[in-house]
Structures are given as structure tokens and as C-alpha cells.
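So this one's protein.csv, CSV, C-alpha atoms and all ligand atoms:
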chain,number,residue,atom,x,y,z
A,1,MET,CA,3.9,150.1,6.4
A,2,SER,CA,5.4,152.8,8.7
A,3,PHE,CA,6.5,150.7,11.6
A,4,SER,CA,7.2,147.2,10.5
A,5,LEU,CA,5.4,144.2,11.9
A,6,LYS,CA,6.2,142.5,8.7
A,7,GLY,CA,8.2,139.4,9.0
A,8,LYS,CA,7.9,139.3,12.8
A,9,VAL,CA,4.2,139.2,13.6
A,10,ILE,CA,1.3,137.7,11.6
A,11,PHE,CA,-2.4,138.1,12.1
A,12,PHE,CA,-4.5,135.0,11.3
A,13,ALA,CA,-8.1,135.7,10.6
A,14,THR,CA,-10.0,132.5,11.5
A,15,SER,CA,-12.9,131.4,13.6
A,16,ASN,CA,-11.3,128.0,14.1
A,17,ILE,CA,-9.1,127.8,17.2
A,18,ASN,CA,-7.7,124.4,16.2
A,19,LYS,CA,-6.3,125.9,13.0
A,20,PHE,CA,-4.8,128.7,14.9
A,21,ASN,CA,-3.1,126.4,17.4
A,22,GLU,CA,-1.6,124.3,14.7
A,23,ALA,CA,-0.3,127.5,13.0
A,24,ARG,CA,1.1,129.0,16.2
A,25,LYS,CA,3.3,125.9,16.6
A,26,VAL,CA,4.7,126.2,13.1
A,27,PHE,CA,5.3,130.0,13.5
A,28,ASN,CA,7.1,129.5,16.8
A,29,LYS,CA,9.8,127.6,14.9
A,30,TYR,CA,10.3,130.6,12.6
A,31,LYS,CA,10.3,133.1,15.5
A,32,ILE,CA,7.1,134.7,14.1
A,33,ALA,CA,4.5,135.8,16.6
A,34,ALA,CA,0.9,134.9,15.7
A,35,ALA,CA,-2.3,136.5,16.8
A,36,MET,CA,-5.8,135.2,16.1
A,37,LEU,CA,-8.3,137.6,14.7
A,38,ARG,CA,-11.9,136.6,14.8
A,39,VAL,CA,-13.0,139.0,12.1
A,40,LYS,CA,-16.1,138.0,10.2
A,41,LYS,CA,-15.1,137.4,6.6
A,42,LEU,CA,-17.0,136.8,3.5
A,43,GLU,CA,-16.5,133.2,2.1
A,44,ILE,CA,-17.6,133.1,-1.5
A,45,GLN,CA,-18.9,129.9,-3.0
A,46,SER,CA,-16.4,128.6,-5.4
A,47,ASN,CA,-14.9,125.2,-6.4
A,48,ASN,CA,-11.5,126.8,-6.1
A,49,LEU,CA,-9.8,127.1,-2.6
A,50,GLU,CA,-7.4,129.8,-3.9
A,51,GLU,CA,-10.2,132.1,-5.1
A,52,ILE,CA,-12.0,131.7,-1.7
A,53,ALA,CA,-8.9,132.4,0.3
A,54,LYS,CA,-7.9,135.4,-1.8
A,55,THR,CA,-11.4,137.0,-1.5
A,56,SER,CA,-11.5,136.4,2.2
A,57,VAL,CA,-8.0,137.8,2.9
A,58,ILE,CA,-8.9,141.1,1.2
A,59,GLU,CA,-12.1,141.3,3.2
A,60,ALA,CA,-10.3,140.6,6.4
A,61,PHE,CA,-7.5,143.1,5.6
A,62,LYS,CA,-10.1,145.9,5.0
A,63,LYS,CA,-11.3,145.5,8.6
A,64,CYS,CA,-7.9,145.6,10.3
A,65,ASN,CA,-5.2,147.0,8.0
A,66,LEU,CA,-2.6,144.6,9.3
A,67,PRO,CA,-0.4,142.0,7.7
A,68,ILE,CA,-2.8,139.1,7.6
A,69,ILE,CA,-3.4,135.5,6.5
A,70,VAL,CA,-6.5,133.4,6.0
A,71,GLU,CA,-6.5,129.7,5.3
A,72,ASP,CA,-9.0,127.7,3.3
A,73,ALA,CA,-8.9,124.0,3.5
A,74,GLY,CA,-10.8,121.2,1.7
A,75,LEU,CA,-11.1,117.4,1.7
A,76,PHE,CA,-11.1,115.7,-1.7
A,77,VAL,CA,-12.2,112.1,-1.7
A,78,GLU,CA,-11.3,110.3,-5.0
A,79,THR,CA,-14.2,107.9,-5.2
A,80,LEU,CA,-16.7,110.7,-4.6
A,81,ASN,CA,-15.3,112.7,-7.5
A,82,ASP,CA,-13.4,115.0,-5.0
A,83,PHE,CA,-16.5,115.7,-2.8
A,84,PRO,CA,-16.7,117.5,-0.4
A,85,GLY,CA,-13.8,119.6,-1.7
A,86,PRO,CA,-14.1,123.3,-0.6
A,87,TYR,CA,-17.5,122.5,0.9
A,88,ALA,CA,-15.9,120.5,3.7
A,89,ALA,CA,-17.0,122.8,6.5
A,90,TYR,CA,-20.6,122.6,5.4
A,91,VAL,CA,-20.5,118.8,4.9
A,92,TYR,CA,-18.9,118.4,8.3
A,93,LYS,CA,-21.7,120.5,9.9
A,94,THR,CA,-24.5,118.7,8.1
A,95,ILE,CA,-23.6,115.0,7.7
A,96,GLY,CA,-20.4,114.8,9.7
A,97,ASN,CA,-17.9,112.0,9.9
A,98,LYS,CA,-20.7,109.4,10.3
A,99,GLY,CA,-22.4,110.6,7.1
A,100,LEU,CA,-19.2,110.6,5.1
A,101,LEU,CA,-18.4,107.0,6.2
A,102,LYS,CA,-21.9,106.0,5.3
A,103,LEU,CA,-21.5,107.4,1.8
A,104,MET,CA,-18.3,105.2,1.6
A,105,GLU,CA,-19.8,101.9,2.9
A,106,GLN,CA,-18.7,99.1,0.5
A,107,VAL,CA,-16.2,101.4,-1.2
A,108,GLU,CA,-12.8,99.9,-1.7
A,109,ASN,CA,-10.9,103.0,-3.0
A,110,ARG,CA,-10.4,105.0,0.2
A,111,LYS,CA,-7.9,107.5,-1.3
A,112,ALA,CA,-8.4,111.2,-0.2
A,113,LYS,CA,-6.4,114.4,0.0
A,114,PHE,CA,-6.6,117.4,2.3
A,115,ARG,CA,-5.5,120.6,0.6
A,116,SER,CA,-4.8,124.0,2.2
A,117,VAL,CA,-4.3,127.4,0.7
A,118,ILE,CA,-2.9,130.3,2.8
A,119,ALA,CA,-3.6,133.7,1.4
A,120,TYR,CA,-1.5,136.6,2.6
A,121,TYR,CA,-2.1,140.3,2.1
A,122,ASP,CA,-0.8,143.6,3.3
A,123,ALA,CA,-0.8,147.3,2.3
A,124,ASP,CA,2.3,146.9,0.1
A,125,LEU,CA,0.8,144.3,-2.2
A,126,GLU,CA,-1.5,144.7,-5.2
A,127,VAL,CA,-2.9,141.2,-5.0
A,128,PRO,CA,-2.8,138.5,-2.3
A,129,LEU,CA,-0.1,135.8,-2.4
A,130,CYS,CA,-1.0,132.2,-2.0
A,131,PHE,CA,0.9,129.2,-0.4
A,132,LYS,CA,-0.3,125.7,-0.8
A,133,GLY,CA,0.0,122.4,1.0
A,134,GLU,CA,-1.4,118.9,0.4
A,135,VAL,CA,-1.4,115.6,2.2
A,136,VAL,CA,-2.4,112.3,0.6
A,137,GLY,CA,-4.0,109.6,2.6
A,138,GLU,CA,-7.1,107.5,3.1
A,139,ILE,CA,-10.5,107.6,4.8
A,140,ILE,CA,-10.5,104.7,7.2
A,141,LYS,CA,-13.6,102.6,7.8
A,142,GLU,CA,-14.4,103.6,11.4
A,143,GLN,CA,-13.6,106.8,13.4
A,144,ARG,CA,-10.5,106.5,15.5
A,145,LYS,CA,-9.4,109.0,18.1
A,146,THR,CA,-7.3,108.9,21.2
A,147,LYS,CA,-8.5,110.5,24.4
A,148,ASN,CA,-6.4,113.5,25.4
A,149,LYS,CA,-4.9,113.7,21.9
A,150,TYR,CA,-5.9,116.4,19.5
A,151,GLY,CA,-8.1,116.6,16.5
A,152,PHE,CA,-11.0,118.3,14.9
A,153,GLY,CA,-13.3,118.0,11.9
A,154,PHE,CA,-12.4,115.0,9.7
A,155,ASP,CA,-9.3,114.1,11.8
A,156,PRO,CA,-10.8,110.9,13.2
A,157,ILE,CA,-11.4,109.4,9.8
A,158,PHE,CA,-8.2,110.6,7.9
A,159,LYS,CA,-4.9,108.7,8.0
A,160,PRO,CA,-1.9,110.0,6.0
A,161,ILE,CA,-0.4,107.5,3.6
A,162,ASP,CA,2.3,105.3,5.1
A,163,CYS,CA,1.2,106.2,8.6
A,164,ASP,CA,-0.7,104.0,11.0
A,165,LYS,CA,-2.4,106.8,13.0
A,166,THR,CA,-5.3,109.1,12.1
A,167,PHE,CA,-4.8,112.8,12.6
A,168,ALA,CA,-7.0,112.5,15.7
A,169,GLU,CA,-4.5,110.0,17.3
A,170,MET,CA,-1.6,112.5,17.0
A,171,SER,CA,-0.4,115.5,19.0
A,172,ILE,CA,-0.4,118.8,17.2
A,173,THR,CA,3.4,118.4,16.7
A,174,GLU,CA,2.9,115.0,15.1
A,175,LYS,CA,0.0,116.2,12.9
A,176,ASN,CA,2.2,119.1,11.7
A,177,LYS,CA,4.7,116.7,10.3
A,178,TYR,CA,2.2,115.5,7.7
A,179,SER,CA,-0.6,118.0,7.4
A,180,HIS,CA,-1.7,120.1,4.4
A,181,ARG,CA,-1.9,123.1,6.7
A,182,ALA,CA,1.6,122.8,8.2
A,183,ARG,CA,3.0,122.3,4.7
A,184,ALA,CA,1.4,125.5,3.4
A,185,LEU,CA,2.3,127.4,6.6
A,186,ARG,CA,6.0,126.4,6.4
A,187,LYS,CA,6.1,127.7,2.8
A,188,PHE,CA,4.5,130.9,3.9
A,189,ALA,CA,6.8,131.3,7.0
A,190,GLU,CA,10.0,130.6,4.9
A,191,TRP,CA,9.0,133.5,2.7
A,192,TYR,CA,7.5,135.8,5.4
A,193,ARG,CA,10.5,135.7,7.8
A,194,HIS,CA,12.6,137.5,5.2
A,195,GLN,CA,10.0,140.3,4.7
A,196,GLN,CA,10.3,143.7,6.4
B,1,LIG,P1,-12.2,129.5,9.1
B,1,LIG,O1,-12.8,130.5,10.0
B,1,LIG,O2,-10.7,129.6,9.1
B,1,LIG,O3,-12.7,129.6,7.7
B,1,LIG,P2,-13.3,126.8,9.1
B,1,LIG,O4,-13.3,125.7,10.1
B,1,LIG,O5,-14.6,127.3,8.5
B,1,LIG,O6,-12.5,128.0,9.7
B,1,LIG,P3,-12.5,126.0,6.4
B,1,LIG,O7,-13.5,126.9,5.7
B,1,LIG,O8,-11.1,125.9,5.9
B,1,LIG,O9,-12.3,126.4,7.9
B,1,LIG,O10,-13.3,124.6,6.5
B,1,LIG,C1,-12.7,123.5,6.3
B,1,LIG,C2,-13.4,122.4,7.1
B,1,LIG,O11,-12.7,121.2,6.6
B,1,LIG,C3,-13.2,122.5,8.6
B,1,LIG,O12,-14.3,123.1,9.2
B,1,LIG,C4,-13.1,121.0,9.0
B,1,LIG,O13,-14.3,120.4,9.1
B,1,LIG,C5,-12.4,120.4,7.7
B,1,LIG,N1,-10.9,120.5,7.9
B,1,LIG,C6,-10.0,121.4,7.4
B,1,LIG,N2,-8.8,121.1,7.8
B,1,LIG,C7,-8.9,120.0,8.6
B,1,LIG,C8,-8.0,119.3,9.3
B,1,LIG,O14,-6.7,119.6,9.4
B,1,LIG,N3,-8.4,118.2,10.0
B,1,LIG,C9,-9.7,117.8,9.9
B,1,LIG,N4,-10.7,118.5,9.3
B,1,LIG,C10,-10.3,119.6,8.6

What does this structure look like when you write it as C-alpha cells?
Amino acid sequence: MSFSLKGKVIFFATSNINKFNEARKVFNKYKIAAAMLRVKKLEIQSNNLEEIAKTSVIEAFKKCNLPIIVEDAGLFVETLNDFPGPYAAYVYKTIGNKGLLKLMEQVENRKAKFRSVIAYYDADLEVPLCFKGEVVGEIIKEQRKTKNKYGFGFDPIFKPIDCDKTFAEMSITEKNKYSHRARALRKFAEWYRHQQ
């Protein structure tokens, strides 16, 4: 790259403002400026978050030629054999939290994980780099959210292990202490801030 944005500015290709707001708070701590890019990106169908993220980041890079990340996240429910996994966005749009809770009526084992993969790419790389984060928790029996707090997607039904609040009862700063996304973002930021 001729003039270097690397290490100082990052472009996040996403259509999800909530994801971006969580990321911005993490990047602030590392003095990395973040910009949201709403580029349309191809999302391949795959069981593998890493594959999806890597394909998307290359697509996104082709459109802007900037140091860029994408994130792909999934929810893996143990008793449902890891459903919905990488299809979380589709399942959320179709059956939503109510539908997922219905599938889990009478189920004792509530264990679930969120996983996040951040893929980074720039003109100096041959292949994208991936950074991963995970949070273990449970799907509670009824949705819980607090007015004026934050939360999107499955946040009202997911509670990290050893925590008495759901993600939807937390502020962004609190959620970032536990979340899959913040864990992956911190790994990325630790690496990225030393790049130039
Ligand atoms: P992109 O444009 O970045 O792809 P997206 O919302 O489609 O945004 P994903 O493909 O990663 O993102 O979809 C994952 C879905 O899983 C997302 O739409 C939510 O419904 C759910 N999800 C992911 N992370 C979550 C979180 O931190 N809290 C609650 N739900 C989450």
C-alpha cells in the first residue's frame, strides 16, 4: 500500500450496524479508527464460518481495495446438533427467537455457543487471515431484555455461562466483556495495531 492506513484505520464490511457498533468500541481501545462499509458481498453456503468469511472478505476487497474485515457469526445449540450454526441469520429471519424456543420446549440441556470469525484482507496478502472468538452459554427458557439496553438477534435468549444477564440485558461495553465477536476482534486488533 502506498500511503499506509494499515494498523490505524480499518474498514468493516457489514450490513449489521449492531455488529459495527460493538466493533467500534473494541477498536477505540486500540486507537484504531473504524469505518462501516455497506458493500454487498457474496455469502456462500457452507457449514464452515471460516470459509464463508474468507470468501466474503475477498469479494468485499475487490470492491474497495482497502484494508478490510468481514465477520461471520453463528449460534451452535448442543441439543440441536449445533443448529442453526452458520445459518443463524436465516433462522433468525424465519422462525426467530420464538421459533427457536419452541424447538427447545421440554429440553433440559440448554448449552449453546456463539462463534465468530473475523477475516482480514489487504493488497499485501496472498490469502485472508482469520481471527476467532467463542462464548459458551445457555439458551434460557423465555426471552429477556431490558428497555434502553442493547441487543439484537438472539441476544434476548442467550446468557453467557456464570452470568445472570442475557446479552440483551447488557450495555455494549458489558456484552463486549463476554462476546464471541469482541474476543475475535481483540485478537485481530492486537495483531493489526502492529501492522504498517
Ligand atoms: P453481515 O452483513 O455482517 O453478514 P449479518 O447480521 O447477516 O451481518 P451474520 O451472517 O454473521 O451477520 O449472521 C449471524 C446472525 O446470527 C445474525 O443476523 C444474528 O441473528 C445472529 N447473531 C450473530 N451474532 C450475534 C450476537 O452477538 N447476538 C445475537 N445474535 C447474533

Quiz prompt | Expected answer as number ranges by chain: all residues with atoms within 12 Å of (-3.8, 124.6, 2.5), only C-alpha atoms | solution = A: 19, 23, 48-50, 52-53, 69-75, 85-86, 113-119, 130-135, 179-188

Practice problem: Show me which residues sit within 6 Å of ligand LIG 1 (chain B) when counting only C-alpha atoms and all ligand atoms, and put them as a PyMOL selection string. | Solution: chain A and resi 14-16+71-74+88-89+92+152-155

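The environment of Lys31 in chain A within 9 Å, counting only C-alpha atoms and disregarding residues fewer than 6 places along the same chain, consists of Lys8, Val9 and Arg193 of chain A.
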
Since we have the selection now, will you write its residues out, keeping C-alpha atoms, as a PDB file, in the frame of the given file?
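Saved result, part_31.pdb, follows:
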ATOM      1  CA  LYS A   8       7.900 139.300  12.800  1.00  0.00           C
ATOM      2  CA  VAL A   9       4.200 139.200  13.600  1.00  0.00           C
ATOM      3  CA  ARG A 193      10.500 135.700   7.800  1.00  0.00           C
TER       4      ARG A 193
END

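Across the structure, CA of Pro67 in chain A and CA of Ser4 in chain A are spaced 9.6 Å apart.
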
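For Ile58 in chain A, the non-local neighbours within 7 Å, defined as residues at least 4 positions apart in the same chain or in other chains and counting only C-alpha atoms, are Lys54, Lys62 and Tyr121 of chain A.
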
Please produce an output containing C-alpha atoms for each residue in the selection, written as a PDB file, in the frame of the given file.
ATOM      1  CA  LYS A  54      -7.900 135.400  -1.800  1.00  0.00           C
ATOM      2  CA  LYS A  62     -10.100 145.900   5.000  1.00  0.00           C
ATOM      3  CA  TYR A 121      -2.100 140.300   2.100  1.00  0.00           C
TER       4      TYR A 121
END

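Between CA of Asn21 in chain A and CA of Ala33 in chain A there is a distance of 12.1 Å.
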
Self-check item: Residues near Cys64 in chain A, cut-off 10 Å, all atoms listed in the file, skip fewer than 2 positions along chain, as a ChimeraX atom specification
Solution: /A:11,13,37,39,59-62,66-68
